[in-house]
Structures are given as C-alpha cells and as structure tokens.
Amino acid sequence: MNRWIVIPVFDLLSRFIGSYGLIILLLTIFIKLLIFPLTYKSMISSAKMRAIRPEIAAIQAKYPKAQTDQNEMMKSQQATMELYKKCGVSPMGGCLPMLIQFPVLIAMFRFFPACIDLRQQKFLWADDLSAYDSIWNFGVNVPLLGDHLSLFALLMAVTMFVYSKMTSSQMSDDPNMAGMKFMSVWLMPIMMFFICNNLSAALSYYYLLSNIITMGQTWYVRKFVVTEDKVRAEMVANANKPKQKSKWQQ
C-alpha cells in the first residue's frame, strides 16, 4: 500500500507543493476517494439495517423470552434471518467493506512516523510533523499519556467520538449491541487518543482529516443519496419479486 500508492502520490505532491500540511490534506482526500466505493457499500448496508428496524422490533416483541429461553431464541433468530433473506439484507454487509479498509489504517500508521521528509517541518502549532505536537507540558510523566498533551491527537479523538455518535445512533437498540456501542463511542476514541498522543503529529493530523471527510461523506450520502425511504421502497420491491433458485439449489 505504501510502496505502490502512498509514497508515489506523496512524492508527486511534494514536487509542486511546499506545505506538508497541505500535502497531507490532498493525500487524505485522494485516499478517501480511492476507498469511497467500499465506504458507500457500508453505508448502503447500514441504511438497509435501519430500514428494517420496525420489523426487527416486531420480532423481538413476538419472542420476549428469547434472551432466556433457548427455543424462543432459535425461533427469533430464524425469523430474523428470514427477514434478512426476504429484504436482501446481509447483517455482515457493513463489516466486510470496513475490514477491507483496515490495511489503509495500518499503512498510514506505518508511513507518517517513518517519513523522513516530515522531520523539522512545521505546520500550524506543530514544530515537527514527524514528532508529537505538544501544547501543554505537564512536567511529570502521566502513565499511558506521557508528559504532554498533543492537540492534534485530542482533536482526532473528538472527531472520532462525534462520528461514532453519528453512526451509533443508527444502530439497533438490541441490548446485545450495548457493548459494541460503548466500545465504538467511548473506548475507541479514548484508546486512539492515548496511542496517538506520543506519535507523529502528521499521523494524528491525517486521522483528524480522515474523520472530518468521512463525517461529510456520511452526512451527504444519508441526506441526499441513500435516504431510508428510498432504501425501504427498493427493499419492498425486491421482496415482492419471485426468488430464483441458483443451479446449486436446483
């Protein structure tokens, strides 16, 4: 990823642009556009899951003892899977595109701290993009945090929290999802802040830009492209179509 995509694009931009902050911004936009088809598929899957929440709630109301009774749990799961099949929804449809994007996160995590070109390069309040940006030196070493506060890392964590709130509000109200909601909204932003506080300012800056762009993409797609009414109408139309058996089923 870094050898064939990130480094060539970074070097190309460096020939024409002197500000490495602007270079990182353009590189982030390029990467987000590159992986947008995967992001879009994930958004479509999330929209479908939101559209069938009333039906999911009806199934849960029909089998109130599914949490304790094994027989009712099986019936609830069978009814839910039948609903997914009828509406053309995959419960894992939003996970796979996100997993495919994971190598991009790892590539950026490896690239910015090791990029020699960023050494001694100033941007905004950061004196060196290859090191952490300190806006407050504590004077003492705080466990897990260090002896300073990085503003880029803090802003990155805040935007990550805001985006997680955007997406978690659309998640199912199933009690089984409570742990996942807590992890995505609270635990992950806090963990990423502690990790990035001592790493390259360029890395935190990239994650900050990436979060902002993703929030913009999500808002635009949900507002104008993939509304729940459109998705629900499409799912109803697909549900009424006769299901053709594959050759293997035949």
# chains A, B, ... in the order shown; residues from 1 in each chain; ligands from 1
call {"tool": "closest_atom_pairs", "arguments": {"of": "segment 7-66 of chain A", "to": "segment 100-115 of chain A", "cutoff": "12 Å", "atoms": "only C-alpha atoms", "output": "CSV"}}
result
residue,atom,partner,partner_atom,distance
A:Ile7,CA,A:Phe111,CA,8.4
A:Phe10,CA,A:Cys115,CA,10.2
A:Asp11,CA,A:Cys115,CA,11.0
A:Tyr20,CA,A:Cys115,CA,11.4
A:Ile24,CA,A:Phe112,CA,9.7
A:Leu27,CA,A:Met108,CA,10.7
A:Thr28,CA,A:Met108,CA,9.9
A:Ile31,CA,A:Val104,CA,8.5
A:Lys32,CA,A:Val104,CA,9.9
A:Leu34,CA,A:Gln101,CA,10.4
A:Ile35,CA,A:Gln101,CA,7.2
A:Phe36,CA,A:Gln101,CA,9.8
A:Pro37,CA,A:Gln101,CA,10.7
A:Leu38,CA,A:Gln101,CA,7.7
A:Thr39,CA,A:Gln101,CA,8.5
A:Lys41,CA,A:Ile100,CA,11.6
A:Ser42,CA,A:Gln101,CA,10.9
call {"tool": "write_last_selection", "arguments": {"atoms": "N, CA and C atoms", "output": "PDB file, in the first residue's frame"}}
result
ATOM      1  N   ILE A   7       3.456   6.443  -1.112  1.00  0.00           N
ATOM      2  CA  ILE A   7       4.741   7.130  -1.326  1.00  0.00           C
ATOM      3  C   ILE A   7       4.815   7.801  -2.702  1.00  0.00           C
ATOM      4  N   PHE A  10       2.628  10.890  -2.499  1.00  0.00           N
ATOM      5  CA  PHE A  10       3.255  11.855  -1.586  1.00  0.00           C
ATOM      6  C   PHE A  10       4.431  12.557  -2.265  1.00  0.00           C
ATOM      7  N   ASP A  11       5.272  11.781  -2.955  1.00  0.00           N
ATOM      8  CA  ASP A  11       6.426  12.366  -3.644  1.00  0.00           C
ATOM      9  C   ASP A  11       5.991  13.282  -4.794  1.00  0.00           C
ATOM     10  N   TYR A  20       3.748  20.836   3.844  1.00  0.00           N
ATOM     11  CA  TYR A  20       3.448  19.421   4.073  1.00  0.00           C
ATOM     12  C   TYR A  20       2.082  19.228   4.715  1.00  0.00           C
ATOM     13  N   ILE A  24      -0.511  16.590   3.081  1.00  0.00           N
ATOM     14  CA  ILE A  24      -1.227  15.554   3.826  1.00  0.00           C
ATOM     15  C   ILE A  24      -2.730  15.673   3.599  1.00  0.00           C
ATOM     16  N   LEU A  27      -3.387  14.282   0.146  1.00  0.00           N
ATOM     17  CA  LEU A  27      -3.196  12.827   0.201  1.00  0.00           C
ATOM     18  C   LEU A  27      -4.389  12.157   0.873  1.00  0.00           C
ATOM     19  N   THR A  28      -4.910  12.775   1.932  1.00  0.00           N
ATOM     20  CA  THR A  28      -6.072  12.222   2.627  1.00  0.00           C
ATOM     21  C   THR A  28      -7.288  12.203   1.722  1.00  0.00           C
ATOM     22  N   ILE A  31      -6.937   9.385  -0.806  1.00  0.00           N
ATOM     23  CA  ILE A  31      -7.174   8.059  -0.228  1.00  0.00           C
ATOM     24  C   ILE A  31      -8.658   7.846   0.063  1.00  0.00           C
ATOM     25  N   LYS A  32      -9.335   8.871   0.583  1.00  0.00           N
ATOM     26  CA  LYS A  32     -10.759   8.742   0.885  1.00  0.00           C
ATOM     27  C   LYS A  32     -11.577   8.534  -0.386  1.00  0.00           C
ATOM     28  N   LEU A  34     -10.371   7.090  -3.037  1.00  0.00           N
ATOM     29  CA  LEU A  34      -9.978   5.754  -3.514  1.00  0.00           C
ATOM     30  C   LEU A  34     -10.804   4.658  -2.851  1.00  0.00           C
ATOM     31  N   ILE A  35     -11.064   4.817  -1.554  1.00  0.00           N
ATOM     32  CA  ILE A  35     -11.790   3.769  -0.827  1.00  0.00           C
ATOM     33  C   ILE A  35     -13.274   4.098  -0.673  1.00  0.00           C
ATOM     34  N   PHE A  36     -13.740   5.175  -1.322  1.00  0.00           N
ATOM     35  CA  PHE A  36     -15.146   5.557  -1.170  1.00  0.00           C
ATOM     36  C   PHE A  36     -16.118   4.473  -1.627  1.00  0.00           C
ATOM     37  N   PRO A  37     -15.847   3.724  -2.710  1.00  0.00           N
ATOM     38  CA  PRO A  37     -16.792   2.652  -3.066  1.00  0.00           C
ATOM     39  C   PRO A  37     -17.045   1.669  -1.933  1.00  0.00           C
ATOM     40  N   LEU A  38     -16.000   1.343  -1.163  1.00  0.00           N
ATOM     41  CA  LEU A  38     -16.188   0.457  -0.013  1.00  0.00           C
ATOM     42  C   LEU A  38     -16.994   1.149   1.083  1.00  0.00           C
ATOM     43  N   THR A  39     -16.691   2.431   1.305  1.00  0.00           N
ATOM     44  CA  THR A  39     -17.442   3.189   2.297  1.00  0.00           C
ATOM     45  C   THR A  39     -18.910   3.278   1.910  1.00  0.00           C
ATOM     46  N   LYS A  41     -20.665   1.155   0.087  1.00  0.00           N
ATOM     47  CA  LYS A  41     -21.324  -0.137   0.314  1.00  0.00           C
ATOM     48  C   LYS A  41     -21.676  -0.323   1.782  1.00  0.00           C
ATOM     49  N   SER A  42     -20.793   0.097   2.650  1.00  0.00           N
ATOM     50  CA  SER A  42     -21.055   0.007   4.079  1.00  0.00           C
ATOM     51  C   SER A  42     -22.245   0.885   4.471  1.00  0.00           C
TER      52      SER A  42
END
call {"tool": "closest_atom_pairs", "arguments": {"of": "segment 138-158 of chain A", "to": "segment 127-133 of chain A", "cutoff": "9 Å", "atoms": "only C-alpha atoms", "output": "Markdown table"}}
result
| residue | atom | partner | partner_atom | distance |
| --- | --- | --- | --- | --- |
| A:His148 | CA | A:Asp133 | CA | 8.8 |
| A:Leu149 | CA | A:Asp133 | CA | 7.8 |
| A:Ser150 | CA | A:Asp133 | CA | 5.1 |
| A:Leu151 | CA | A:Asp133 | CA | 6.7 |
| A:Phe152 | CA | A:Asp133 | CA | 7.0 |
| A:Ala153 | CA | A:Asp133 | CA | 8.5 |
call {"tool": "closest_residue", "arguments": {"among": "A:Met43, A:Val185, A:Val9, A:Leu145", "to": "Val221 of chain A", "atoms": "only C-alpha atoms"}}
result
A:Met43
call {"tool": "atom_distance", "arguments": {"atom1": "atom CA of Asn197 of chain A", "atom2": "atom CA of Trp125 of chain A"}}
result
14.7 Å
call {"tool": "select_by_dssp", "arguments": {"residues": "segment 103-201 of chain A", "states": "alpha helix (DSSP H)", "output": "VMD selection string"}}
result
chain A and resid 103 to 114 151 to 168 178 to 182 188 to 196 201
call {"tool": "select_by_dssp", "arguments": {"residues": "segment 114-165 of chain A", "states": "strand (DSSP E)", "output": "NGL selection string"}}
result
:A and (134-142 or 146-150)
call {"tool": "write_last_selection", "arguments": {"atoms": "all heavy atoms", "output": "mmCIF file, in the first residue's frame"}}
result
data_model
loop_
_atom_site.group_PDB
_atom_site.id
_atom_site.type_symbol
_atom_site.label_atom_id
_atom_site.label_comp_id
_atom_site.auth_asym_id
_atom_site.auth_seq_id
_atom_site.Cartn_x
_atom_site.Cartn_y
_atom_site.Cartn_z
ATOM 1 N N SER A 134 3.185 19.212 21.087
ATOM 2 C CA SER A 134 2.880 19.437 22.500
ATOM 3 C C SER A 134 2.374 20.853 22.712
ATOM 4 O O SER A 134 3.068 21.822 22.408
ATOM 5 C CB SER A 134 4.123 19.182 23.361
ATOM 6 O OG SER A 134 3.860 19.473 24.725
ATOM 7 N N ILE A 135 1.155 20.983 23.228
ATOM 8 C CA ILE A 135 0.623 22.308 23.579
ATOM 9 C C ILE A 135 0.618 22.508 25.090
ATOM 10 O O ILE A 135 0.314 23.611 25.560
ATOM 11 C CB ILE A 135 -0.807 22.486 23.029
ATOM 12 C CG1 ILE A 135 -1.756 21.430 23.618
ATOM 13 C CG2 ILE A 135 -0.819 22.439 21.517
ATOM 14 C CD1 ILE A 135 -3.220 21.754 23.407
ATOM 15 N N TRP A 136 0.932 21.448 25.825
ATOM 16 C CA TRP A 136 0.950 21.549 27.291
ATOM 17 C C TRP A 136 1.900 20.489 27.836
ATOM 18 O O TRP A 136 1.650 19.308 27.707
ATOM 19 C CB TRP A 136 -0.456 21.362 27.860
ATOM 20 C CG TRP A 136 -0.523 21.498 29.356
ATOM 21 C CD1 TRP A 136 0.413 22.054 30.173
ATOM 22 C CD2 TRP A 136 -1.595 21.070 30.204
ATOM 23 N NE1 TRP A 136 0.004 22.005 31.479
ATOM 24 C CE2 TRP A 136 -1.239 21.416 31.532
ATOM 25 C CE3 TRP A 136 -2.823 20.450 29.978
ATOM 26 C CZ2 TRP A 136 -2.061 21.135 32.617
ATOM 27 C CZ3 TRP A 136 -3.641 20.177 31.060
ATOM 28 C CH2 TRP A 136 -3.272 20.517 32.356
ATOM 29 N N ASN A 137 3.003 20.922 28.403
ATOM 30 C CA ASN A 137 3.940 20.015 29.057
ATOM 31 C C ASN A 137 3.607 19.928 30.545
ATOM 32 O O ASN A 137 3.635 20.938 31.252
ATOM 33 C CB ASN A 137 5.377 20.505 28.864
ATOM 34 C CG ASN A 137 5.812 20.424 27.415
ATOM 35 O OD1 ASN A 137 5.577 19.421 26.745
ATOM 36 N ND2 ASN A 137 6.431 21.479 26.902
ATOM 37 N N PHE A 138 3.309 18.728 31.021
ATOM 38 C CA PHE A 138 2.859 18.543 32.398
ATOM 39 C C PHE A 138 3.991 18.718 33.418
ATOM 40 O O PHE A 138 3.753 19.092 34.552
ATOM 41 C CB PHE A 138 2.231 17.165 32.581
ATOM 42 C CG PHE A 138 1.127 16.863 31.621
ATOM 43 C CD1 PHE A 138 0.977 15.594 31.088
ATOM 44 C CD2 PHE A 138 0.228 17.846 31.228
ATOM 45 C CE1 PHE A 138 -0.046 15.305 30.205
ATOM 46 C CE2 PHE A 138 -0.788 17.577 30.337
ATOM 47 C CZ PHE A 138 -0.928 16.302 29.822
ATOM 48 N N GLY A 139 5.204 18.404 32.999
ATOM 49 C CA GLY A 139 6.314 18.444 33.935
ATOM 50 C C GLY A 139 6.525 17.131 34.657
ATOM 51 O O GLY A 139 7.580 16.901 35.258
ATOM 52 N N VAL A 140 5.528 16.255 34.604
ATOM 53 C CA VAL A 140 5.628 14.922 35.197
ATOM 54 C C VAL A 140 5.109 13.918 34.176
ATOM 55 O O VAL A 140 4.333 14.265 33.279
ATOM 56 C CB VAL A 140 4.815 14.801 36.507
ATOM 57 C CG1 VAL A 140 5.418 15.697 37.587
ATOM 58 C CG2 VAL A 140 3.349 15.146 36.281
ATOM 59 N N ASN A 141 5.527 12.687 34.318
ATOM 60 C CA ASN A 141 5.098 11.642 33.399
ATOM 61 C C ASN A 141 3.808 11.001 33.900
ATOM 62 O O ASN A 141 3.768 10.440 34.994
ATOM 63 C CB ASN A 141 6.193 10.584 33.260
ATOM 64 C CG ASN A 141 5.875 9.601 32.153
ATOM 65 O OD1 ASN A 141 5.708 9.980 30.997
ATOM 66 N ND2 ASN A 141 5.793 8.320 32.490
ATOM 67 N N VAL A 142 2.757 11.106 33.115
ATOM 68 C CA VAL A 142 1.464 10.504 33.449
ATOM 69 C C VAL A 142 1.402 9.129 32.802
ATOM 70 O O VAL A 142 1.656 9.005 31.602
ATOM 71 C CB VAL A 142 0.299 11.379 32.946
ATOM 72 C CG1 VAL A 142 -1.038 10.736 33.279
ATOM 73 C CG2 VAL A 142 0.397 12.775 33.530
ATOM 74 N N GLY A 146 1.947 10.133 29.026
ATOM 75 C CA GLY A 146 3.221 10.801 28.809
ATOM 76 C C GLY A 146 3.294 12.096 29.600
ATOM 77 O O GLY A 146 2.531 12.313 30.553
ATOM 78 N N ASP A 147 4.183 12.996 29.200
ATOM 79 C CA ASP A 147 4.388 14.244 29.931
ATOM 80 C C ASP A 147 3.854 15.463 29.190
ATOM 81 O O ASP A 147 4.253 16.594 29.466
ATOM 82 C CB ASP A 147 5.879 14.436 30.220
ATOM 83 C CG ASP A 147 6.720 14.511 28.935
ATOM 84 O OD1 ASP A 147 6.142 14.324 27.836
ATOM 85 O OD2 ASP A 147 7.930 14.766 29.029
ATOM 86 N N HIS A 148 2.960 15.236 28.221
ATOM 87 C CA HIS A 148 2.482 16.347 27.409
ATOM 88 C C HIS A 148 1.083 16.060 26.885
ATOM 89 O O HIS A 148 0.574 14.941 27.034
ATOM 90 C CB HIS A 148 3.424 16.566 26.218
ATOM 91 C CG HIS A 148 3.425 15.396 25.285
ATOM 92 N ND1 HIS A 148 4.195 14.272 25.490
ATOM 93 C CD2 HIS A 148 2.711 15.154 24.146
ATOM 94 C CE1 HIS A 148 3.967 13.403 24.533
ATOM 95 N NE2 HIS A 148 3.075 13.915 23.706
ATOM 96 N N LEU A 149 0.493 17.072 26.250
ATOM 97 C CA LEU A 149 -0.806 16.927 25.603
ATOM 98 C C LEU A 149 -0.668 17.324 24.140
ATOM 99 O O LEU A 149 -0.237 18.436 23.823
ATOM 100 C CB LEU A 149 -1.849 17.817 26.284
ATOM 101 C CG LEU A 149 -3.250 17.818 25.650
ATOM 102 C CD1 LEU A 149 -3.897 16.451 25.789
ATOM 103 C CD2 LEU A 149 -4.123 18.896 26.294
ATOM 104 N N SER A 150 -1.037 16.426 23.250
ATOM 105 C CA SER A 150 -0.984 16.678 21.813
ATOM 106 C C SER A 150 -2.352 17.162 21.342
ATOM 107 O O SER A 150 -3.356 16.461 21.496
ATOM 108 C CB SER A 150 -0.589 15.402 21.061
ATOM 109 O OG SER A 150 -0.810 15.555 19.664
#
call {"tool": "closest_residue", "arguments": {"among": "A:Tyr63, A:Tyr205, A:Phe224, A:Phe30", "to": "Val6 of chain A", "atoms": "only C-alpha atoms"}}
result
A:Phe30
call {"tool": "closest_residue", "arguments": {"among": "A:Met191, A:Ala51, A:Ala202, A:Met156", "to": "Arg119 of chain A", "atoms": "only C-alpha atoms"}}
result
A:Ala202
call {"tool": "closest_residue", "arguments": {"among": "A:Met188, A:Leu83, A:Met49, A:Leu13", "to": "Val162 of chain A", "atoms": "only C-alpha atoms"}}
result
A:Met188
call {"tool": "closest_residue", "arguments": {"among": "A:Tyr40, A:Tyr84, A:Trp186, A:Tyr206", "to": "Leu22 of chain A", "atoms": "only C-alpha atoms"}}
result
A:Tyr206
call {"tool": "atom_distance", "arguments": {"atom1": "atom CA of Pro143 of chain A", "atom2": "atom CA of Asn211 of chain A"}}
result
26.9 Å
